[in-house]
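A.B. asks: Quick one, final-v8.csv (CSV, C-alpha atoms and all ligand atoms):
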```
chain,number,residue,atom,x,y,z
Z,1,MET,CA,-76.0,-104.2,145.8
Z,2,THR,CA,-74.9,-106.8,143.3
Z,3,ILE,CA,-71.8,-109.0,143.2
Z,4,HIS,CA,-69.9,-106.4,141.2
Z,5,ILE,CA,-71.7,-103.1,142.0
Z,6,GLY,CA,-71.9,-101.7,145.5
Z,7,ALA,CA,-74.4,-99.0,144.9
Z,8,LYS,CA,-77.5,-98.9,147.1
Z,9,PRO,CA,-81.0,-99.2,145.5
Z,10,GLY,CA,-81.8,-95.9,143.8
Z,11,GLN,CA,-78.2,-94.7,143.6
Z,12,ILE,CA,-77.9,-95.6,139.9
Z,13,ALA,CA,-79.6,-93.3,137.4
Z,14,GLU,CA,-81.7,-94.5,134.4
Z,15,THR,CA,-79.0,-93.0,132.1
Z,16,VAL,CA,-75.6,-94.5,132.4
Z,17,LEU,CA,-72.4,-93.5,130.5
Z,18,MET,CA,-69.9,-96.4,130.4
Z,19,PRO,CA,-66.2,-95.7,129.6
Z,20,GLY,CA,-64.0,-98.8,129.7
Z,21,ASP,CA,-61.6,-96.9,132.0
Z,22,PRO,CA,-62.8,-96.3,135.5
Z,23,LEU,CA,-60.5,-93.3,135.8
Z,24,ARG,CA,-62.2,-91.8,132.7
Z,25,ALA,CA,-65.5,-92.3,134.6
Z,26,LYS,CA,-64.0,-90.3,137.6
Z,27,TRP,CA,-62.7,-87.6,135.3
Z,28,ALA,CA,-65.9,-87.2,133.4
Z,29,ALA,CA,-68.1,-87.1,136.5
Z,30,GLU,CA,-65.9,-84.4,138.0
Z,31,GLN,CA,-65.9,-82.4,134.8
Z,32,PHE,CA,-69.5,-82.7,133.7
Z,33,LEU,CA,-71.7,-83.6,136.6
Z,34,GLU,CA,-72.9,-81.7,139.7
Z,35,ASP,CA,-73.6,-83.0,143.1
Z,36,VAL,CA,-71.5,-86.1,142.4
Z,37,ILE,CA,-71.4,-89.1,144.7
Z,38,CYS,CA,-69.2,-92.2,144.2
Z,39,VAL,CA,-71.6,-95.2,144.1
Z,40,ASN,CA,-69.3,-98.1,143.3
Z,41,GLN,CA,-65.7,-99.0,144.1
Z,42,VAL,CA,-66.0,-102.8,144.0
Z,43,ARG,CA,-62.9,-104.3,142.3
Z,44,GLY,CA,-61.8,-100.7,141.7
Z,45,MET,CA,-64.5,-100.3,139.0
Z,46,LEU,CA,-65.6,-96.8,139.8
Z,47,GLY,CA,-69.1,-95.5,139.3
Z,48,PHE,CA,-70.4,-92.0,140.1
Z,49,THR,CA,-73.9,-90.5,140.1
Z,50,GLY,CA,-74.7,-86.8,139.8
Z,51,THR,CA,-76.8,-84.4,137.6
Z,52,TRP,CA,-76.2,-82.9,134.2
Z,53,ARG,CA,-78.5,-79.9,133.4
Z,54,GLY,CA,-80.8,-81.2,136.1
Z,55,HIS,CA,-80.9,-84.8,134.8
Z,56,ARG,CA,-79.6,-87.7,136.9
Z,57,VAL,CA,-76.7,-89.5,135.3
Z,58,THR,CA,-74.4,-92.3,136.3
Z,59,ILE,CA,-71.0,-92.7,134.8
Z,60,HIS,CA,-69.7,-96.2,135.5
Z,61,GLY,CA,-66.6,-98.0,134.2
Z,62,SER,CA,-67.2,-101.1,132.1
Z,63,GLY,CA,-63.7,-102.5,132.2
Z,64,MET,CA,-61.9,-103.7,129.0
Z,65,GLY,CA,-63.5,-106.3,126.8
Z,66,MET,CA,-67.0,-107.6,126.2
Z,67,ALA,CA,-66.9,-110.1,129.1
Z,68,SER,CA,-66.4,-107.4,131.6
Z,69,ALA,CA,-68.8,-104.9,130.0
Z,70,SER,CA,-71.4,-107.6,129.8
Z,71,ILE,CA,-71.3,-108.1,133.6
Z,72,TYR,CA,-71.8,-104.4,134.3
Z,73,ALA,CA,-74.5,-103.9,131.6
Z,74,ASN,CA,-76.5,-106.8,132.9
Z,75,GLU,CA,-76.4,-105.7,136.5
Z,76,LEU,CA,-77.0,-102.0,135.7
Z,77,ILE,CA,-80.1,-103.0,133.6
Z,78,ARG,CA,-81.5,-106.0,135.6
Z,79,ASP,CA,-80.7,-104.9,139.1
Z,80,TYR,CA,-80.7,-101.1,138.9
Z,81,GLY,CA,-83.2,-100.3,136.2
Z,82,ALA,CA,-80.8,-98.6,133.7
Z,83,LYS,CA,-82.8,-97.6,130.6
Z,84,THR,CA,-80.2,-95.8,128.5
Z,85,LEU,CA,-76.6,-97.0,128.3
Z,86,ILE,CA,-74.0,-95.1,126.3
Z,87,ARG,CA,-70.5,-96.4,125.9
Z,88,VAL,CA,-67.9,-93.6,125.8
Z,89,GLY,CA,-64.7,-95.3,124.6
Z,90,SER,CA,-61.5,-95.1,122.7
Z,91,ALA,CA,-61.0,-96.8,119.4
Z,92,GLY,CA,-58.3,-97.5,116.8
Z,93,ALA,CA,-59.0,-96.2,113.3
Z,94,MET,CA,-59.0,-98.7,110.4
Z,95,GLN,CA,-59.6,-96.2,107.5
Z,96,HIS,CA,-57.5,-93.4,106.2
Z,97,SER,CA,-60.6,-91.1,106.2
Z,98,LEU,CA,-60.5,-91.1,110.0
Z,99,GLY,CA,-58.1,-89.0,112.1
Z,100,ILE,CA,-57.0,-88.9,115.7
Z,101,ARG,CA,-59.7,-87.5,118.0
Z,102,ASP,CA,-62.4,-87.9,115.4
Z,103,ILE,CA,-65.7,-89.2,116.8
Z,104,VAL,CA,-67.3,-92.5,115.6
Z,105,LEU,CA,-70.9,-93.3,116.3
Z,106,ALA,CA,-71.2,-97.1,116.2
Z,107,GLN,CA,-74.2,-97.8,114.0
Z,108,GLY,CA,-73.5,-101.5,114.0
Z,109,CYS,CA,-70.9,-103.9,115.2
Z,110,THR,CA,-68.9,-106.6,113.5
Z,111,THR,CA,-67.6,-109.5,115.7
Z,112,LEU,CA,-65.9,-112.8,115.6
Z,113,THR,CA,-67.7,-113.6,118.8
Z,114,MET,CA,-69.2,-112.0,121.9
Z,115,PRO,CA,-70.4,-113.3,125.3
Z,116,SER,CA,-74.0,-113.4,124.0
Z,117,ARG,CA,-73.0,-115.4,121.0
Z,118,GLY,CA,-74.0,-118.7,122.7
Z,119,ILE,CA,-77.7,-117.8,123.0
Z,120,PHE,CA,-78.0,-117.0,119.3
Z,121,ARG,CA,-76.6,-120.4,118.2
Z,122,GLU,CA,-76.7,-120.5,114.4
Z,123,LEU,CA,-78.2,-117.0,114.2
Z,124,ASN,CA,-75.9,-114.2,113.2
Z,125,PHE,CA,-77.5,-111.5,115.3
Z,126,ALA,CA,-76.5,-108.0,114.1
Z,127,PRO,CA,-75.9,-105.7,117.1
Z,128,CYS,CA,-77.0,-102.2,116.3
Z,129,ALA,CA,-77.4,-98.8,118.0
Z,130,ASP,CA,-80.7,-97.3,119.2
Z,131,PHE,CA,-81.7,-95.1,116.3
Z,132,GLY,CA,-83.0,-92.3,118.5
Z,133,LEU,CA,-79.7,-92.0,120.4
Z,134,LEU,CA,-77.7,-92.3,117.2
Z,135,HIS,CA,-79.8,-89.6,115.4
Z,136,ALA,CA,-79.5,-87.3,118.4
Z,137,ALA,CA,-75.8,-87.8,118.8
Z,138,TYR,CA,-75.2,-87.1,115.1
Z,139,GLN,CA,-77.2,-83.9,115.3
Z,140,ALA,CA,-75.3,-82.8,118.4
Z,141,ALA,CA,-72.0,-83.5,116.6
Z,142,GLN,CA,-73.1,-81.5,113.6
Z,143,ALA,CA,-74.0,-78.5,115.8
Z,144,ARG,CA,-70.6,-78.6,117.3
Z,145,ASP,CA,-68.6,-79.1,114.1
Z,146,VAL,CA,-66.8,-82.2,115.5
Z,147,ARG,CA,-65.4,-84.5,112.8
Z,148,THR,CA,-67.9,-87.4,113.1
Z,149,HIS,CA,-68.3,-90.7,111.3
Z,150,VAL,CA,-71.2,-93.1,111.5
Z,151,GLY,CA,-71.0,-96.7,110.6
Z,152,ASN,CA,-69.8,-100.2,111.4
Z,153,VAL,CA,-67.2,-100.8,114.0
Z,154,TYR,CA,-65.2,-104.0,114.9
Z,155,SER,CA,-65.9,-105.2,118.5
Z,156,SER,CA,-62.8,-107.3,119.1
Z,157,ASP,CA,-62.1,-109.8,121.8
Z,158,VAL,CA,-58.4,-109.1,121.7
Z,159,PHE,CA,-56.3,-106.0,121.8
Z,160,TYR,CA,-53.1,-107.7,120.5
Z,161,ASP,CA,-54.4,-109.0,117.3
Z,162,GLU,CA,-52.7,-111.9,115.4
Z,163,ARG,CA,-55.0,-111.8,112.3
Z,164,PRO,CA,-54.0,-108.9,110.1
Z,165,ASP,CA,-55.9,-110.6,107.3
Z,166,LEU,CA,-59.2,-109.9,109.1
Z,167,ASN,CA,-58.4,-106.2,109.3
Z,168,GLU,CA,-57.8,-106.1,105.6
Z,169,ILE,CA,-61.2,-107.7,104.9
Z,170,MET,CA,-62.9,-105.4,107.3
Z,171,GLN,CA,-61.2,-102.3,105.8
Z,172,ARG,CA,-62.5,-103.4,102.4
Z,173,HIS,CA,-66.0,-103.6,103.8
Z,174,GLY,CA,-65.8,-100.1,105.3
Z,175,VAL,CA,-65.5,-101.0,109.0
Z,176,LEU,CA,-64.4,-97.7,110.6
Z,177,CYS,CA,-62.5,-98.7,113.7
Z,178,VAL,CA,-61.8,-101.3,116.4
Z,179,GLU,CA,-62.9,-101.3,120.0
Z,180,MET,CA,-63.8,-104.0,122.5
Z,181,GLU,CA,-67.3,-103.6,124.1
Z,182,ALA,CA,-70.0,-102.2,121.8
Z,183,ALA,CA,-71.4,-105.4,120.3
Z,184,GLU,CA,-72.1,-107.0,123.6
Z,185,LEU,CA,-73.6,-103.8,125.0
Z,186,TYR,CA,-75.9,-103.6,122.1
Z,187,ALA,CA,-76.9,-107.3,122.4
Z,188,VAL,CA,-77.6,-107.0,126.1
Z,189,ALA,CA,-79.6,-103.8,125.6
Z,190,ALA,CA,-81.7,-105.4,122.8
Z,191,ARG,CA,-82.5,-108.4,125.0
Z,192,HIS,CA,-83.8,-106.1,127.8
Z,193,ASN,CA,-85.5,-103.6,125.5
Z,194,VAL,CA,-83.4,-100.6,126.6
Z,195,ARG,CA,-81.5,-98.1,124.6
Z,196,ALA,CA,-77.7,-98.3,123.8
Z,197,LEU,CA,-75.2,-96.4,121.8
Z,198,ALA,CA,-71.4,-96.3,121.6
Z,199,VAL,CA,-69.7,-92.9,121.1
Z,200,LEU,CA,-66.0,-93.5,120.4
Z,201,THR,CA,-63.0,-91.2,120.1
Z,202,ILE,CA,-60.1,-92.3,117.8
Z,203,SER,CA,-57.1,-92.7,120.1
Z,204,ASP,CA,-54.8,-94.4,117.7
Z,205,HIS,CA,-54.5,-95.3,114.0
Z,206,LEU,CA,-53.9,-98.8,112.8
Z,207,LEU,CA,-52.7,-97.6,109.4
Z,208,THR,CA,-50.5,-94.6,110.4
Z,209,GLN,CA,-49.4,-96.0,113.8
Z,210,GLU,CA,-50.2,-92.6,115.5
Z,211,ALA,CA,-51.3,-93.0,119.1
Z,212,LEU,CA,-52.4,-90.8,122.0
Z,213,PRO,CA,-50.8,-91.5,125.5
Z,214,ALA,CA,-52.8,-93.2,128.3
Z,215,SER,CA,-53.2,-89.9,130.1
Z,216,GLU,CA,-55.1,-88.3,127.2
Z,217,ARG,CA,-57.3,-91.4,126.8
Z,218,GLU,CA,-58.2,-90.9,130.5
Z,219,HIS,CA,-59.0,-87.3,130.6
Z,220,SER,CA,-59.2,-85.4,127.3
Z,221,PHE,CA,-62.2,-86.9,125.5
Z,222,GLY,CA,-64.7,-84.2,126.5
Z,223,ALA,CA,-66.4,-83.8,123.2
Z,224,MET,CA,-67.4,-87.5,123.3
Z,225,ILE,CA,-68.9,-87.1,126.8
Z,226,GLU,CA,-70.9,-84.0,125.8
Z,227,LEU,CA,-72.3,-85.7,122.8
Z,228,ALA,CA,-73.3,-88.7,124.9
Z,229,LEU,CA,-75.0,-86.5,127.5
Z,230,GLU,CA,-76.8,-84.4,124.9
Z,231,SER,CA,-78.1,-87.4,123.0
Z,232,ALA,CA,-79.3,-89.2,126.2
Z,233,PHE,CA,-81.7,-86.3,126.9
Z,234,ALA,CA,-82.6,-85.2,123.4
Z,235,PRO,CA,-86.3,-85.4,122.3
Z,236,GLN,CA,-86.8,-88.8,120.6
Z,237,PRO,CA,-87.7,-88.9,116.8
O,301,LIG,O1,-61.0,-96.6,126.2
O,301,LIG,P1,-62.0,-97.8,126.4
O,301,LIG,O2,-63.4,-97.3,126.7
O,301,LIG,O3,-61.4,-98.7,127.5
O,301,LIG,O4,-62.0,-98.6,125.1
O,301,LIG,C1,-61.0,-99.2,124.4
O,301,LIG,O5,-59.7,-99.2,125.1
O,301,LIG,C2,-59.5,-100.5,125.6
O,301,LIG,C3,-58.2,-101.0,125.0
O,301,LIG,O6,-57.1,-100.2,125.2
O,301,LIG,C4,-60.7,-101.3,125.3
O,301,LIG,O7,-61.6,-101.3,126.4
O,301,LIG,C5,-61.2,-100.7,124.1
O,301,LIG,O8,-62.6,-100.9,123.8
O,302,LIG,O1,-59.6,-101.7,121.1
O,302,LIG,C1,-58.9,-100.8,120.8
O,302,LIG,C2,-59.1,-99.5,121.4
O,302,LIG,C3,-58.3,-98.5,121.0
O,302,LIG,N1,-57.4,-98.7,120.1
O,302,LIG,C4,-57.2,-99.9,119.5
O,302,LIG,O2,-56.3,-100.1,118.7
O,302,LIG,N2,-58.0,-100.9,119.9
```
What is this structure when it is put down as structure tokens?

C.D. replies:
Amino acid sequence: MTIHIGAKPGQIAETVLMPGDPLRAKWAAEQFLEDVICVNQVRGMLGFTGTWRGHRVTIHGSGMGMASASIYANELIRDYGAKTLIRVGSAGAMQHSLGIRDIVLAQGCTTLTMPSRGIFRELNFAPCADFGLLHAAYQAAQARDVRTHVGNVYSSDVFYDERPDLNEIMQRHGVLCVEMEAAELYAVAARHNVRALAVLTISDHLLTQEALPASEREHSFGAMIELALESAFAPQP
């Protein structure tokens, strides 16, 4: 057990899917895993372990924002031996080429800051996805005919943004969407030499103001979960 995770030793799988929303973790575990047990309820941050096609998988909430996700990623890796961490999150589209429910595979992340920022000092570390996971997720998406985009995402510290000028600059530089955890997940994974990827579903659109309700963000993003599971266990290039 750690300060934030109540799982006993051995109860966390080497492959962990991390939605921000703990109730999305519950929904995904019930929908996609067999022989599921709940392994964490500390602070209401739900985690479940089961099997998918015979492979052990944990689906564990990260909470919202990089500060929260950093705590869980650190403990999952350092205390429980997680080796593959895949964020399965919602995101707001920043380009007209993206539509609601499209999938974005976060190849790299743009940030103003992140919890790991301090250790890099003057260095502008570029958080990026594990290529093997990214490649496998893209191939899985192609096989399913899901509208999928690969590229740069904005990992923001704030949901209620007061800097529209920044969005405009990022849009001109091709940033696809905004979310709030991937950059720190990638930085923590790099530091511990484990694999990480963020698979995102567009839940709202910053340019058109379209938005899905909370209930759909909780339990209707099945394509994203399937892509994450398939990429976790695909042969590596
Ligand atoms: O749907 P999740 O995975 O929580 O991701 C997005 O949704 C939350 C904001 O509503 C932030 O955590 C953001 O990254
Ligand atoms: O961080 C996020 C996530 C979903 N939608 C947004 O607009 N921002």

A.B. asks: Extract, using all atoms listed in the file, all DNA, RNA and protein residues at most 6 Å from Tyr154 in chain Z, discarding same-chain residues fewer than 6 positions from it, and format them as a list of chain:residue names.

C.D. replies: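 The residues that qualify are Z:Cys109, Z:Thr110, Z:Val178.
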
A.B. asks: Give me the residues near range 63-72 of chain Z as an mmCIF file with C-alpha atoms, in the coordinates of the input, where near means some atom within 9 Å (using only C-alpha atoms) and where sequence neighbours in that chain fewer than 4 positions away do not count.

C.D. replies:
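Produced file result.cif, reproduced below:
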```cif
data_model
loop_
_atom_site.group_PDB
_atom_site.id
_atom_site.type_symbol
_atom_site.label_atom_id
_atom_site.label_comp_id
_atom_site.auth_asym_id
_atom_site.auth_seq_id
_atom_site.Cartn_x
_atom_site.Cartn_y
_atom_site.Cartn_z
ATOM 1 C CA HIS Z 4 -69.900 -106.400 141.200
ATOM 2 C CA ILE Z 5 -71.700 -103.100 142.000
ATOM 3 C CA MET Z 18 -69.900 -96.400 130.400
ATOM 4 C CA PRO Z 19 -66.200 -95.700 129.600
ATOM 5 C CA GLY Z 20 -64.000 -98.800 129.700
ATOM 6 C CA ASP Z 21 -61.600 -96.900 132.000
ATOM 7 C CA PRO Z 22 -62.800 -96.300 135.500
ATOM 8 C CA MET Z 45 -64.500 -100.300 139.000
ATOM 9 C CA LEU Z 76 -77.000 -102.000 135.700
ATOM 10 C CA ILE Z 77 -80.100 -103.000 133.600
ATOM 11 C CA MET Z 114 -69.200 -112.000 121.900
ATOM 12 C CA PRO Z 115 -70.400 -113.300 125.300
ATOM 13 C CA SER Z 116 -74.000 -113.400 124.000
ATOM 14 C CA SER Z 155 -65.900 -105.200 118.500
ATOM 15 C CA SER Z 156 -62.800 -107.300 119.100
ATOM 16 C CA ASP Z 157 -62.100 -109.800 121.800
ATOM 17 C CA VAL Z 158 -58.400 -109.100 121.700
ATOM 18 C CA PHE Z 159 -56.300 -106.000 121.800
ATOM 19 C CA GLU Z 179 -62.900 -101.300 120.000
ATOM 20 C CA MET Z 180 -63.800 -104.000 122.500
ATOM 21 C CA GLU Z 181 -67.300 -103.600 124.100
ATOM 22 C CA ALA Z 182 -70.000 -102.200 121.800
ATOM 23 C CA ALA Z 183 -71.400 -105.400 120.300
ATOM 24 C CA GLU Z 184 -72.100 -107.000 123.600
ATOM 25 C CA LEU Z 185 -73.600 -103.800 125.000
ATOM 26 C CA VAL Z 188 -77.600 -107.000 126.100
#
```

A.B. asks: Please provide the set of residues having any atom within 7 Å of Gln107 in chain Z, restricted to all atoms listed in the file, with same-chain residues fewer than 4 positions apart removed, written as number ranges by chain.

C.D. replies: Z: 128-129, 150-152

A.B. asks: Work out how far apart CA of Gly132 in chain Z and CA of Ala232 in chain Z are and give it in Å to one decimal.

C.D. replies: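 These two atoms are separated by 9.1 Å.
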
A.B. asks: Pick out the residues sitting within 10 Å of Arg56 in chain Z, and hand them over as number ranges by chain; count all atoms listed in the file, and ignore anything fewer than 5 positions along from it in its own chain.

C.D. replies: Z: 11-16, 33-36, 49-51

A.B. asks: Write the residues of the preceding selection, restricted to C-alpha atoms, as a CSV table (one decimal), in the frame of the given file.

C.D. replies:
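Full text of again-v2.csv as output:
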```csv
chain,number,residue,atom,x,y,z
Z,11,GLN,CA,-78.2,-94.7,143.6
Z,12,ILE,CA,-77.9,-95.6,139.9
Z,13,ALA,CA,-79.6,-93.3,137.4
Z,14,GLU,CA,-81.7,-94.5,134.4
Z,15,THR,CA,-79.0,-93.0,132.1
Z,16,VAL,CA,-75.6,-94.5,132.4
Z,33,LEU,CA,-71.7,-83.6,136.6
Z,34,GLU,CA,-72.9,-81.7,139.7
Z,35,ASP,CA,-73.6,-83.0,143.1
Z,36,VAL,CA,-71.5,-86.1,142.4
Z,49,THR,CA,-73.9,-90.5,140.1
Z,50,GLY,CA,-74.7,-86.8,139.8
Z,51,THR,CA,-76.8,-84.4,137.6
```

A.B. asks: Which is closest to Gln142 in chain Z among Z:Leu166, Z:Met94, Z:Ile103, Z:Val57, if we use all atoms listed in the file?

C.D. replies: Z:Ile103

A.B. asks: Could you please determine the separation between CA of Arg163 in chain Z and CA of Leu197 in chain Z in Å, to one decimal place?

C.D. replies: 27.1 Å

A.B. asks: Taking only C-alpha atoms and all ligand atoms into account, which of Z:Gln31, Z:Thr84, Z:Ser97, Z:Ser90 comes nearest ligand LIG 301 (chain O)?

C.D. replies: Z:Ser90

A.B. asks: So that I can look at just that part, could you write range 138-183 of chain Z with C-alpha atoms, as a compact mmCIF listing (two decimals), in the first residue's frame?

C.D. replies:
```txt
# COMPACT_ATOMS: atom_id res chain seq x y z
CA TYR Z 138 -2.36 3.93 -34.89
CA GLN Z 139 -2.43 0.55 -36.62
CA ALA Z 140 -5.31 -0.60 -34.39
CA ALA Z 141 -7.21 2.59 -35.21
CA GLN Z 142 -6.65 2.11 -38.96
CA ALA Z 143 -7.99 -1.45 -38.73
CA ARG Z 144 -11.16 -0.16 -37.05
CA ASP Z 145 -11.79 2.79 -39.31
CA VAL Z 146 -11.92 5.21 -36.36
CA ARG Z 147 -11.20 8.85 -37.28
CA THR Z 148 -7.76 9.24 -35.72
CA HIS Z 149 -5.25 12.08 -35.55
CA VAL Z 150 -1.63 11.88 -34.38
CA GLY Z 151 0.30 14.91 -33.19
CA ASN Z 152 0.96 17.53 -30.60
CA VAL Z 153 -1.48 18.14 -27.74
CA TYR Z 154 -1.62 20.89 -25.14
CA SER Z 155 -1.34 19.61 -21.57
CA SER Z 156 -2.82 22.49 -19.61
CA ASP Z 157 -2.74 23.27 -15.92
CA VAL Z 158 -6.12 24.96 -16.05
CA PHE Z 159 -9.52 24.04 -17.42
CA TYR Z 160 -10.90 27.57 -17.27
CA ASP Z 161 -8.33 29.29 -19.45
CA GLU Z 162 -7.86 33.08 -19.36
CA ARG Z 163 -5.29 33.18 -22.20
CA PRO Z 164 -7.08 32.89 -25.58
CA ASP Z 165 -3.93 34.34 -27.19
CA LEU Z 166 -2.08 31.14 -26.31
CA ASN Z 167 -4.73 29.00 -28.00
CA GLU Z 168 -4.36 31.05 -31.16
CA ILE Z 169 -0.58 30.53 -31.20
CA MET Z 170 -0.95 26.82 -30.60
CA GLN Z 171 -3.60 26.52 -33.31
CA ARG Z 172 -1.22 28.16 -35.79
CA HIS Z 173 1.43 25.62 -34.79
CA GLY Z 174 -0.87 22.65 -35.35
CA VAL Z 175 -1.60 21.67 -31.76
CA LEU Z 176 -4.59 19.36 -32.03
CA CYS Z 177 -6.39 19.53 -28.70
CA VAL Z 178 -6.19 20.40 -25.02
CA GLU Z 179 -6.16 18.02 -22.08
CA MET Z 180 -4.56 18.10 -18.63
CA GLU Z 181 -2.34 15.08 -17.85
CA ALA Z 182 -0.31 13.64 -20.74
CA ALA Z 183 2.87 15.74 -20.49
```
